[in-house]
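Trainee: Structure in structure tokens, see below.
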Amino acid sequence: MEKNVGGTDRIARLVIGPVLVLAGVASYAGLLVLAVGPFPQALTSVIVFLVGGILLVTGLVRKCPLNRALGLDTHRREEARE
């Protein structure tokens with residue numbers, strides 16, 4: 001799979017991802033309340049942690065299957081820079 005994450009998209013993933021991972025861990029430990037509606041605290045914590053982890057990993061490897069499925073590409077090619 002070709003790289004399809006770059007620029008502002010990558011920076012946002014690398015900033016928001018770790019914040020969500022930390023929020024998920026803090027919530028699971030009981031330091032932060034993230035429970036929404038009928039969802040229990042533990043489930044919400046795990047979901048927030050997983051979303052943050054996915055954003056972090058896709059920002060690091062610069063490849064996102066969802067971007068590919070939607071036809072989005074924010075990665076600049078070397079040819080486009082010249």
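Quick note on naming: the chains in the structure tokens go A, B, ... in the order shown, residues restart at 1 in each chain, and ligands are numbered from 1 in order of appearance.
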Excluding Val48 in chain A and any residue of its chain fewer than 3 positions from it, enumerate the residues within 12 Å of it, using only C-alpha atoms, and give them as a list in words.

Mentor: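 My list of contacting residues is Ile16, Gly17, Pro18, Val19, Leu20, Val21, Leu22, Ala23, Gly24, Val25, Ala26, Ser27, Tyr28, Leu32, Val33, Leu34, Ala35, Val36, Gln41, Ala42, Leu43, Thr44, Ser45, Val51, Gly52, Gly53, Ile54 and Leu55 of chain A.
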
Trainee: Using the chain letters and numbers from this document, which residues of chain A does DSSP assign to helix (DSSP H, G or I), as a ChimeraX atom specification?

Mentor: /A:7-28,41-61,65-70,78-81

Trainee: Could I get the residues of range 6-36 of chain A with an atom no further than 6 Å from an atom of range 57-67 of chain A, each paired with its nearest atom pair and that distance in Å to one decimal, using only C-alpha atoms, sorted by chain and residue number, as a Markdown table?

Mentor:
| residue | atom | partner | partner_atom | distance |
| --- | --- | --- | --- | --- |
| A:Arg10 | CA | A:Gly59 | CA | 5.0 |
| A:Arg13 | CA | A:Gly59 | CA | 5.3 |
| A:Leu14 | CA | A:Gly59 | CA | 5.6 |

Trainee: Would you mind reading off the distance between CA of Met1 in chain A and CA of Leu72 in chain A, one decimal, in Å?

Mentor: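 Between CA of Met1 in chain A and CA of Leu72 in chain A the gap works out to 13.3 Å.
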
Trainee: Can you work out which one of A:Asn4, A:Arg68, A:Val46, A:Val15 has the shortest atom-to-atom distance to Ala29 in chain A, counting only C-alpha atoms?

Mentor: A:Val46

Trainee: Which one is closest to Thr74 in chain A: A:Gly37, A:Glu2, A:Leu56, A:Gly7? Count only C-alpha atoms.

Mentor: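 Ranked by minimum distance to Thr74 in chain A, first place goes to A:Gly7.
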